[in-house]
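Chemist: Here's a structure for you.
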Amino acid sequence: MYDVARIRADFPILSREVNGKPLVYLDNGASAQKPQVVIDAVTKAYAHEYANVHRGLHTLSTIATEKYEAVRGIVARFLGVGDEEQIILNSGTTEGINMIAYGWAMPRLQAGDEILLSVMEHHANIVPWHFLRERQGVVLKWVDVDSTGALDPQAMIDAITPKTKLIAVTHLSNVLGTKVDVKPICAAARARGIAVMVDGSQAAVHGPVNVEALGCDFYAITGHKLYGPSGSGAIYVRKDRMAEMRPFMGGGDMIKEVSRDAVIYNDPPMKFEAGTPGIVQTIGLGVALEYMMNVGMEAIAAHEEDLGRYTQDRLNGLNWITVQGTAPGKAAIFSFTMDGAAHAHDISTILDKKGVAVRAGQHCTGPLMAHLGVDATCRASFGMYNTREEVDLLIEALELAHDLFA
């Protein structure tokens, strides 16, 4: 049985108050809180085991290296990857996608080649492709969502042309909560020799992921959304695609030999990990992923699905709230606006006075906001430690905001 009270007890920040009210943290889509085991692991690494990795032969360096490198295998297990050498450790999804843009796409795509994107993409899965548009004449093509916020995989497949070289698509929208069925997209793309970059920043948090079953070429995750430290993350790169990549950054660790006239690169994945990495952050990420897997990814998914249904029912009772995105099976992420003159920022400020933390703004999704015809939304995004009682507190705070703006 899912014991949310026990899980909440593992997160020290959830016991604090904000503005004299118990904290109701509903900004998990931006960044999740950290369990004590992660905090302890980070503290221990800095206080008792810190050294640089890979190049030292002394005791502390050996300990740090072993703990750091073990995370590669943990990430592989978390993502359903059999070969941990297909995992590149980095600072998060943004670095991972930029690595693919610079290391794989830039040397391969030419003017007129097309990159296919959904309108739901986060800026991290848009701006790197705009670099290629600006600098190399690559064409960006967009696929819209329907009136519920759902993305039809066939619509993306139908948008493929002979010029399509890459599909970049989110696995789960950070605004609408829409889950994208990427498997048929990946299958259709692979049959045509087209690479698929999947942004897994949100999806990997809310349920089990098996990237080999999905059939994608690249899958990026970010640690701070996975109850781990900021500045940590990883990207899965299929081995044949990794062989096609050139290094994104140069420096220590990613080389075997350097002379005045030549450089011999290290073997993948080290070839793509230049310089001193986020050692302690990555160790913390490994602990966070182990924590989630010990709770059970399917159990987390079931708990959040229950929260999502309950939240949707409660929001449906507020006829002055408009929820953006009602696709079947959506995650427990709710972006909404309030009828009248209340701006998302004002609503968020009022909710904060009641201890309820939500996000307000465009959520790094400019094209989606334009498609929806809104300037900004409030977003309540749920995690493994949230409860139905917190949903009720959210509704109470929204009713207060509505009364103030009525």
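Ordering of the structure tokens sets the chain letters (A, B, ...); residue numbers start at 1 within each chain; ligands are numbered from 1 in the order shown.
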Pick out the residues sitting within 7 Å of Thr337 of chain A, and hand them over as an NGL selection string; count only C-alpha atoms, and ignore anything fewer than 5 positions along from it in its own chain.
Modeler: :A and (321-323 or 344 or 377-378)
Chemist: List every residue of segment 205-349 of chain A that DSSP, applied to the backbone of this structure, assigns to alpha helix (DSSP H), and report them as a PDB file with N, CA and C atoms, in the first residue's frame.
Modeler:
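The result, written out as out_36.pdb:
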ATOM      1  N   VAL A 205       9.524  11.400 -14.298  1.00  0.00           N
ATOM      2  CA  VAL A 205       9.206  11.644 -12.893  1.00  0.00           C
ATOM      3  C   VAL A 205       7.937  10.903 -12.483  1.00  0.00           C
ATOM      4  N   HIS A 206       7.007  10.746 -13.400  1.00  0.00           N
ATOM      5  CA  HIS A 206       5.644  10.368 -13.047  1.00  0.00           C
ATOM      6  C   HIS A 206       5.311   8.899 -13.275  1.00  0.00           C
ATOM      7  N   VAL A 211      13.219   3.196 -22.368  1.00  0.00           N
ATOM      8  CA  VAL A 211      13.547   3.883 -23.616  1.00  0.00           C
ATOM      9  C   VAL A 211      13.841   2.899 -24.745  1.00  0.00           C
ATOM     10  N   GLU A 212      14.347   1.718 -24.414  1.00  0.00           N
ATOM     11  CA  GLU A 212      14.600   0.740 -25.473  1.00  0.00           C
ATOM     12  C   GLU A 212      13.285   0.257 -26.069  1.00  0.00           C
ATOM     13  N   ALA A 213      12.252   0.124 -25.242  1.00  0.00           N
ATOM     14  CA  ALA A 213      10.938  -0.247 -25.755  1.00  0.00           C
ATOM     15  C   ALA A 213      10.329   0.877 -26.584  1.00  0.00           C
ATOM     16  N   LEU A 214      10.614   2.125 -26.202  1.00  0.00           N
ATOM     17  CA  LEU A 214      10.099   3.264 -26.970  1.00  0.00           C
ATOM     18  C   LEU A 214      10.723   3.320 -28.355  1.00  0.00           C
ATOM     19  N   LYS A 239      23.514   3.557 -29.317  1.00  0.00           N
ATOM     20  CA  LYS A 239      24.938   3.370 -29.605  1.00  0.00           C
ATOM     21  C   LYS A 239      25.302   3.778 -31.026  1.00  0.00           C
ATOM     22  N   ASP A 240      24.480   3.444 -32.008  1.00  0.00           N
ATOM     23  CA  ASP A 240      24.837   3.809 -33.380  1.00  0.00           C
ATOM     24  C   ASP A 240      24.782   5.319 -33.588  1.00  0.00           C
ATOM     25  N   ARG A 241      23.889   6.007 -32.879  1.00  0.00           N
ATOM     26  CA  ARG A 241      23.852   7.468 -32.970  1.00  0.00           C
ATOM     27  C   ARG A 241      25.058   8.080 -32.253  1.00  0.00           C
ATOM     28  N   MET A 242      25.472   7.466 -31.152  1.00  0.00           N
ATOM     29  CA  MET A 242      26.633   7.973 -30.440  1.00  0.00           C
ATOM     30  C   MET A 242      27.877   7.904 -31.323  1.00  0.00           C
ATOM     31  N   ALA A 243      27.955   6.872 -32.149  1.00  0.00           N
ATOM     32  CA  ALA A 243      29.087   6.734 -33.067  1.00  0.00           C
ATOM     33  C   ALA A 243      29.083   7.831 -34.128  1.00  0.00           C
ATOM     34  N   GLU A 244      27.929   8.415 -34.390  1.00  0.00           N
ATOM     35  CA  GLU A 244      27.820   9.476 -35.390  1.00  0.00           C
ATOM     36  C   GLU A 244      28.130  10.857 -34.819  1.00  0.00           C
ATOM     37  N   ILE A 279      30.164  16.302  -9.644  1.00  0.00           N
ATOM     38  CA  ILE A 279      30.414  15.036  -8.950  1.00  0.00           C
ATOM     39  C   ILE A 279      29.356  14.770  -7.885  1.00  0.00           C
ATOM     40  N   VAL A 280      29.238  15.688  -6.947  1.00  0.00           N
ATOM     41  CA  VAL A 280      28.329  15.476  -5.820  1.00  0.00           C
ATOM     42  C   VAL A 280      26.876  15.524  -6.289  1.00  0.00           C
ATOM     43  N   GLN A 281      26.563  16.416  -7.222  1.00  0.00           N
ATOM     44  CA  GLN A 281      25.199  16.479  -7.738  1.00  0.00           C
ATOM     45  C   GLN A 281      24.804  15.145  -8.371  1.00  0.00           C
ATOM     46  N   THR A 282      25.728  14.559  -9.126  1.00  0.00           N
ATOM     47  CA  THR A 282      25.436  13.294  -9.796  1.00  0.00           C
ATOM     48  C   THR A 282      25.282  12.163  -8.791  1.00  0.00           C
ATOM     49  N   ILE A 283      26.119  12.146  -7.767  1.00  0.00           N
ATOM     50  CA  ILE A 283      25.963  11.139  -6.706  1.00  0.00           C
ATOM     51  C   ILE A 283      24.585  11.272  -6.066  1.00  0.00           C
ATOM     52  N   GLY A 284      24.170  12.509  -5.821  1.00  0.00           N
ATOM     53  CA  GLY A 284      22.840  12.746  -5.259  1.00  0.00           C
ATOM     54  C   GLY A 284      21.732  12.275  -6.187  1.00  0.00           C
ATOM     55  N   LEU A 285      21.920  12.454  -7.499  1.00  0.00           N
ATOM     56  CA  LEU A 285      20.941  11.976  -8.469  1.00  0.00           C
ATOM     57  C   LEU A 285      20.774  10.466  -8.363  1.00  0.00           C
ATOM     58  N   GLY A 286      21.880   9.766  -8.252  1.00  0.00           N
ATOM     59  CA  GLY A 286      21.800   8.311  -8.126  1.00  0.00           C
ATOM     60  C   GLY A 286      20.988   7.892  -6.915  1.00  0.00           C
ATOM     61  N   VAL A 287      21.202   8.576  -5.796  1.00  0.00           N
ATOM     62  CA  VAL A 287      20.451   8.266  -4.576  1.00  0.00           C
ATOM     63  C   VAL A 287      18.966   8.568  -4.772  1.00  0.00           C
ATOM     64  N   ALA A 288      18.658   9.670  -5.446  1.00  0.00           N
ATOM     65  CA  ALA A 288      17.259  10.035  -5.694  1.00  0.00           C
ATOM     66  C   ALA A 288      16.564   8.993  -6.565  1.00  0.00           C
ATOM     67  N   LEU A 289      17.230   8.526  -7.601  1.00  0.00           N
ATOM     68  CA  LEU A 289      16.627   7.518  -8.484  1.00  0.00           C
ATOM     69  C   LEU A 289      16.414   6.206  -7.741  1.00  0.00           C
ATOM     70  N   GLU A 290      17.380   5.827  -6.905  1.00  0.00           N
ATOM     71  CA  GLU A 290      17.218   4.622  -6.090  1.00  0.00           C
ATOM     72  C   GLU A 290      16.026   4.772  -5.152  1.00  0.00           C
ATOM     73  N   TYR A 291      15.875   5.956  -4.584  1.00  0.00           N
ATOM     74  CA  TYR A 291      14.749   6.220  -3.690  1.00  0.00           C
ATOM     75  C   TYR A 291      13.425   6.026  -4.432  1.00  0.00           C
ATOM     76  N   MET A 292      13.322   6.601  -5.630  1.00  0.00           N
ATOM     77  CA  MET A 292      12.093   6.470  -6.408  1.00  0.00           C
ATOM     78  C   MET A 292      11.819   5.018  -6.777  1.00  0.00           C
ATOM     79  N   MET A 293      12.849   4.300  -7.184  1.00  0.00           N
ATOM     80  CA  MET A 293      12.660   2.906  -7.580  1.00  0.00           C
ATOM     81  C   MET A 293      12.300   2.035  -6.386  1.00  0.00           C
ATOM     82  N   ASN A 294      12.798   2.382  -5.211  1.00  0.00           N
ATOM     83  CA  ASN A 294      12.431   1.633  -4.009  1.00  0.00           C
ATOM     84  C   ASN A 294      10.961   1.849  -3.652  1.00  0.00           C
ATOM     85  N   VAL A 295      10.476   3.072  -3.833  1.00  0.00           N
ATOM     86  CA  VAL A 295       9.047   3.322  -3.631  1.00  0.00           C
ATOM     87  C   VAL A 295       8.243   2.565  -4.683  1.00  0.00           C
ATOM     88  N   MET A 297       8.031   2.853  -9.232  1.00  0.00           N
ATOM     89  CA  MET A 297       7.555   3.812 -10.217  1.00  0.00           C
ATOM     90  C   MET A 297       6.094   3.597 -10.573  1.00  0.00           C
ATOM     91  N   GLU A 298       5.643   2.360 -10.603  1.00  0.00           N
ATOM     92  CA  GLU A 298       4.230   2.115 -10.887  1.00  0.00           C
ATOM     93  C   GLU A 298       3.359   2.589  -9.731  1.00  0.00           C
ATOM     94  N   ALA A 299       3.852   2.436  -8.493  1.00  0.00           N
ATOM     95  CA  ALA A 299       3.099   2.907  -7.330  1.00  0.00           C
ATOM     96  C   ALA A 299       3.004   4.427  -7.333  1.00  0.00           C
ATOM     97  N   ILE A 300       4.112   5.093  -7.688  1.00  0.00           N
ATOM     98  CA  ILE A 300       4.098   6.554  -7.796  1.00  0.00           C
ATOM     99  C   ILE A 300       3.085   6.990  -8.849  1.00  0.00           C
ATOM    100  N   ALA A 301       3.107   6.310  -9.994  1.00  0.00           N
ATOM    101  CA  ALA A 301       2.185   6.658 -11.074  1.00  0.00           C
ATOM    102  C   ALA A 301       0.735   6.504 -10.630  1.00  0.00           C
ATOM    103  N   ALA A 302       0.425   5.413  -9.930  1.00  0.00           N
ATOM    104  CA  ALA A 302      -0.950   5.180  -9.481  1.00  0.00           C
ATOM    105  C   ALA A 302      -1.393   6.251  -8.481  1.00  0.00           C
ATOM    106  N   HIS A 303      -0.499   6.610  -7.558  1.00  0.00           N
ATOM    107  CA  HIS A 303      -0.821   7.650  -6.576  1.00  0.00           C
ATOM    108  C   HIS A 303      -1.100   8.974  -7.277  1.00  0.00           C
ATOM    109  N   GLU A 304      -0.263   9.345  -8.222  1.00  0.00           N
ATOM    110  CA  GLU A 304      -0.437  10.624  -8.902  1.00  0.00           C
ATOM    111  C   GLU A 304      -1.658  10.611  -9.817  1.00  0.00           C
ATOM    112  N   GLU A 305      -1.986   9.455 -10.399  1.00  0.00           N
ATOM    113  CA  GLU A 305      -3.198   9.370 -11.218  1.00  0.00           C
ATOM    114  C   GLU A 305      -4.443   9.615 -10.364  1.00  0.00           C
ATOM    115  N   ASP A 306      -4.431   9.067  -9.146  1.00  0.00           N
ATOM    116  CA  ASP A 306      -5.546   9.320  -8.230  1.00  0.00           C
ATOM    117  C   ASP A 306      -5.641  10.807  -7.892  1.00  0.00           C
ATOM    118  N   LEU A 307      -4.489  11.425  -7.595  1.00  0.00           N
ATOM    119  CA  LEU A 307      -4.473  12.862  -7.313  1.00  0.00           C
ATOM    120  C   LEU A 307      -4.979  13.661  -8.516  1.00  0.00           C
ATOM    121  N   GLY A 308      -4.578  13.238  -9.692  1.00  0.00           N
ATOM    122  CA  GLY A 308      -4.989  13.948 -10.896  1.00  0.00           C
ATOM    123  C   GLY A 308      -6.492  13.903 -11.100  1.00  0.00           C
ATOM    124  N   ARG A 309      -7.087  12.725 -10.915  1.00  0.00           N
ATOM    125  CA  ARG A 309      -8.541  12.608 -11.066  1.00  0.00           C
ATOM    126  C   ARG A 309      -9.268  13.459 -10.024  1.00  0.00           C
ATOM    127  N   TYR A 310      -8.772  13.426  -8.783  1.00  0.00           N
ATOM    128  CA  TYR A 310      -9.414  14.188  -7.721  1.00  0.00           C
ATOM    129  C   TYR A 310      -9.301  15.694  -7.981  1.00  0.00           C
ATOM    130  N   THR A 311      -8.120  16.118  -8.421  1.00  0.00           N
ATOM    131  CA  THR A 311      -7.919  17.539  -8.715  1.00  0.00           C
ATOM    132  C   THR A 311      -8.820  17.993  -9.852  1.00  0.00           C
ATOM    133  N   GLN A 312      -8.912  17.177 -10.897  1.00  0.00           N
ATOM    134  CA  GLN A 312      -9.767  17.537 -12.025  1.00  0.00           C
ATOM    135  C   GLN A 312     -11.218  17.664 -11.580  1.00  0.00           C
ATOM    136  N   ASP A 313     -11.684  16.745 -10.734  1.00  0.00           N
ATOM    137  CA  ASP A 313     -13.056  16.810 -10.233  1.00  0.00           C
ATOM    138  C   ASP A 313     -13.294  18.089  -9.434  1.00  0.00           C
ATOM    139  N   ARG A 314     -12.318  18.450  -8.571  1.00  0.00           N
ATOM    140  CA  ARG A 314     -12.475  19.649  -7.753  1.00  0.00           C
ATOM    141  C   ARG A 314     -12.448  20.910  -8.619  1.00  0.00           C
ATOM    142  N   LEU A 315     -11.542  20.944  -9.598  1.00  0.00           N
ATOM    143  CA  LEU A 315     -11.465  22.111 -10.477  1.00  0.00           C
ATOM    144  C   LEU A 315     -12.712  22.238 -11.346  1.00  0.00           C
ATOM    145  N   ASN A 316     -13.305  21.109 -11.713  1.00  0.00           N
ATOM    146  CA  ASN A 316     -14.532  21.150 -12.524  1.00  0.00           C
ATOM    147  C   ASN A 316     -15.662  21.845 -11.776  1.00  0.00           C
ATOM    148  N   ALA A 344      -2.298  35.632 -13.923  1.00  0.00           N
ATOM    149  CA  ALA A 344      -1.697  34.444 -13.306  1.00  0.00           C
ATOM    150  C   ALA A 344      -0.750  34.818 -12.180  1.00  0.00           C
ATOM    151  N   HIS A 345       0.013  35.895 -12.362  1.00  0.00           N
ATOM    152  CA  HIS A 345       0.959  36.307 -11.323  1.00  0.00           C
ATOM    153  C   HIS A 345       0.230  36.747 -10.056  1.00  0.00           C
ATOM    154  N   ASP A 346      -0.890  37.437 -10.226  1.00  0.00           N
ATOM    155  CA  ASP A 346      -1.674  37.874  -9.064  1.00  0.00           C
ATOM    156  C   ASP A 346      -2.267  36.676  -8.327  1.00  0.00           C
ATOM    157  N   ILE A 347      -2.787  35.724  -9.096  1.00  0.00           N
ATOM    158  CA  ILE A 347      -3.358  34.520  -8.483  1.00  0.00           C
ATOM    159  C   ILE A 347      -2.291  33.774  -7.691  1.00  0.00           C
ATOM    160  N   SER A 348      -1.123  33.621  -8.293  1.00  0.00           N
ATOM    161  CA  SER A 348      -0.030  32.911  -7.625  1.00  0.00           C
ATOM    162  C   SER A 348       0.369  33.596  -6.326  1.00  0.00           C
ATOM    163  N   THR A 349       0.394  34.923  -6.335  1.00  0.00           N
ATOM    164  CA  THR A 349       0.766  35.673  -5.131  1.00  0.00           C
ATOM    165  C   THR A 349      -0.247  35.458  -4.015  1.00  0.00           C
TER     166      THR A 349
END
Chemist: Give me every strand (DSSP E or B) residue in segment 2-108 of chain A, going by DSSP on the backbone, as a PyMOL selection string.
Modeler: chain A and resi 17-18+21-22+24-25+27+87-90
Chemist: When you look at His402 of chain A with a cut-off of 9 Å (counting only C-alpha atoms), what residues show up, excluding the ones that are within fewer than 3 positions of it in the same chain? I need them as number ranges by chain.
Modeler: A: 320, 338-339, 342, 347, 397-399, 405-406
Chemist: Could you tell me which of A:Ala51, A:Ile115, A:Val24, A:Val42 comes closest to Asp392 of chain A if we count only C-alpha atoms?
Modeler: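 Checking each candidate against Asp392 of chain A, we get A:Val24 as the closest.
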Chemist: For atom CA of Leu166 of chain A and atom CA of Pro247 of chain A, determine how far apart the two atoms are, in Å to one decimal place.
Modeler: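 So the answer is 18.9 Å.
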Chemist: Which residue out of A:Gly80, A:Gly231, A:Gly193, A:Gly329 has the minimum interatomic distance to Pro208 of chain A when only C-alpha atoms are used?
Modeler: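 Closest to Pro208 of chain A, using only C-alpha atoms: A:Gly80.
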Chemist: Considering only C-alpha atoms, tabulate each residue of segment 50-150 of chain A that lies at most 12 Å from segment 356-364 of chain A along with its nearest interatomic pair and the corresponding distance in Å to one decimal; arrange the rows by chain and ascending residue number and present them as a Markdown table.
Modeler:
| residue | atom | partner | partner_atom | distance |
| --- | --- | --- | --- | --- |
| A:Val119 | CA | A:Cys364 | CA | 11.9 |
| A:Met120 | CA | A:Cys364 | CA | 10.0 |
| A:Glu121 | CA | A:Cys364 | CA | 8.6 |
| A:His122 | CA | A:Cys364 | CA | 5.5 |
| A:His123 | CA | A:Cys364 | CA | 5.3 |
| A:Ala124 | CA | A:Cys364 | CA | 8.0 |
| A:Asn125 | CA | A:Cys364 | CA | 10.0 |
| A:Ile126 | CA | A:Cys364 | CA | 9.8 |
| A:Val127 | CA | A:Cys364 | CA | 10.5 |
Chemist: I'd like the contact shell of Asp146 of chain A - 9 Å cut-off, only C-alpha atoms, skipping same-chain residues fewer than 5 positions apart - returned as number ranges by chain.
Modeler: A: 151-152, 327
Chemist: Rounded to one decimal in Å, what is the spacing between atom CA of Ala187 of chain A and atom CA of Ala204 of chain A?
Modeler: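 Separation between atom CA of Ala187 of chain A and atom CA of Ala204 of chain A: 20.2 Å.
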Chemist: If we count only C-alpha atoms and set the cut-off at 8 Å, which residues sit around segment 264-278 of chain A, ignoring sequence neighbours fewer than 4 positions away in its own chain? Please answer as a list of chain:residue names.
Modeler: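 Selected residues are A:Asn52, A:Val53, A:Glu85, A:Gln86, A:Ile87, A:Ile88, A:Leu89, A:Asn90, A:Ser91, A:Gly231, A:Ser232, A:Met242, A:Pro247, A:Phe248, A:Met249, A:Gly250, A:Gly251, A:Gly252, A:Asp253, A:Met254, A:Ile255, A:Lys256, A:Glu257, A:Val258, A:Thr282.
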Chemist: If you measure from atom CA of Ile63 of chain A to atom CA of Gly82 of chain A, what distance in Å do you get, rounded to one decimal?
Modeler: 24.8 Å
Chemist: Just the residues within 12 Å of Ser15 of chain A, please, counting only C-alpha atoms, with nothing from its chain fewer than 4 positions along; format it as number ranges by chain.
Modeler: A: 5, 8-11, 21-25, 33, 355, 385
Chemist: With distances taken over only C-alpha atoms, which residue among A:Glu114, A:Glu49, A:Glu17, A:Asp403 lies nearest Ile350 of chain A?
Modeler: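 Distance minimum relative to Ile350 of chain A lands on A:Asp403.
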Chemist: Determine, counting only C-alpha atoms, which protein, DNA and RNA residues have an atom within 6 Å of an atom of segment 28-32 of chain A; residues of the same chain fewer than 2 positions away are not included. Present the result as a list in words.
Modeler: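 Residues meeting the cut-off are Leu26, His224, Lys225, Tyr227, Ser381 and Phe382 of chain A.
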Chemist: Just write the chosen residues, C-alpha atoms, as a compact mmCIF listing (two decimals), in the first residue's frame.
Modeler:
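Output file result00.txt follows:
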# COMPACT_ATOMS: atom_id res chain seq x y z
CA LEU A 26 2.61 22.27 -6.03
CA HIS A 224 16.26 18.39 -10.05
CA LYS A 225 12.80 17.27 -11.21
CA TYR A 227 13.93 14.65 -6.43
CA SER A 381 1.95 20.28 -10.63
CA PHE A 382 1.86 17.32 -8.30
Chemist: Of the candidates A:Met245, A:Leu57, A:Leu176, A:Ala155, which one gets nearest to Ile100 of chain A if we count only C-alpha atoms?
Modeler: A:Met245
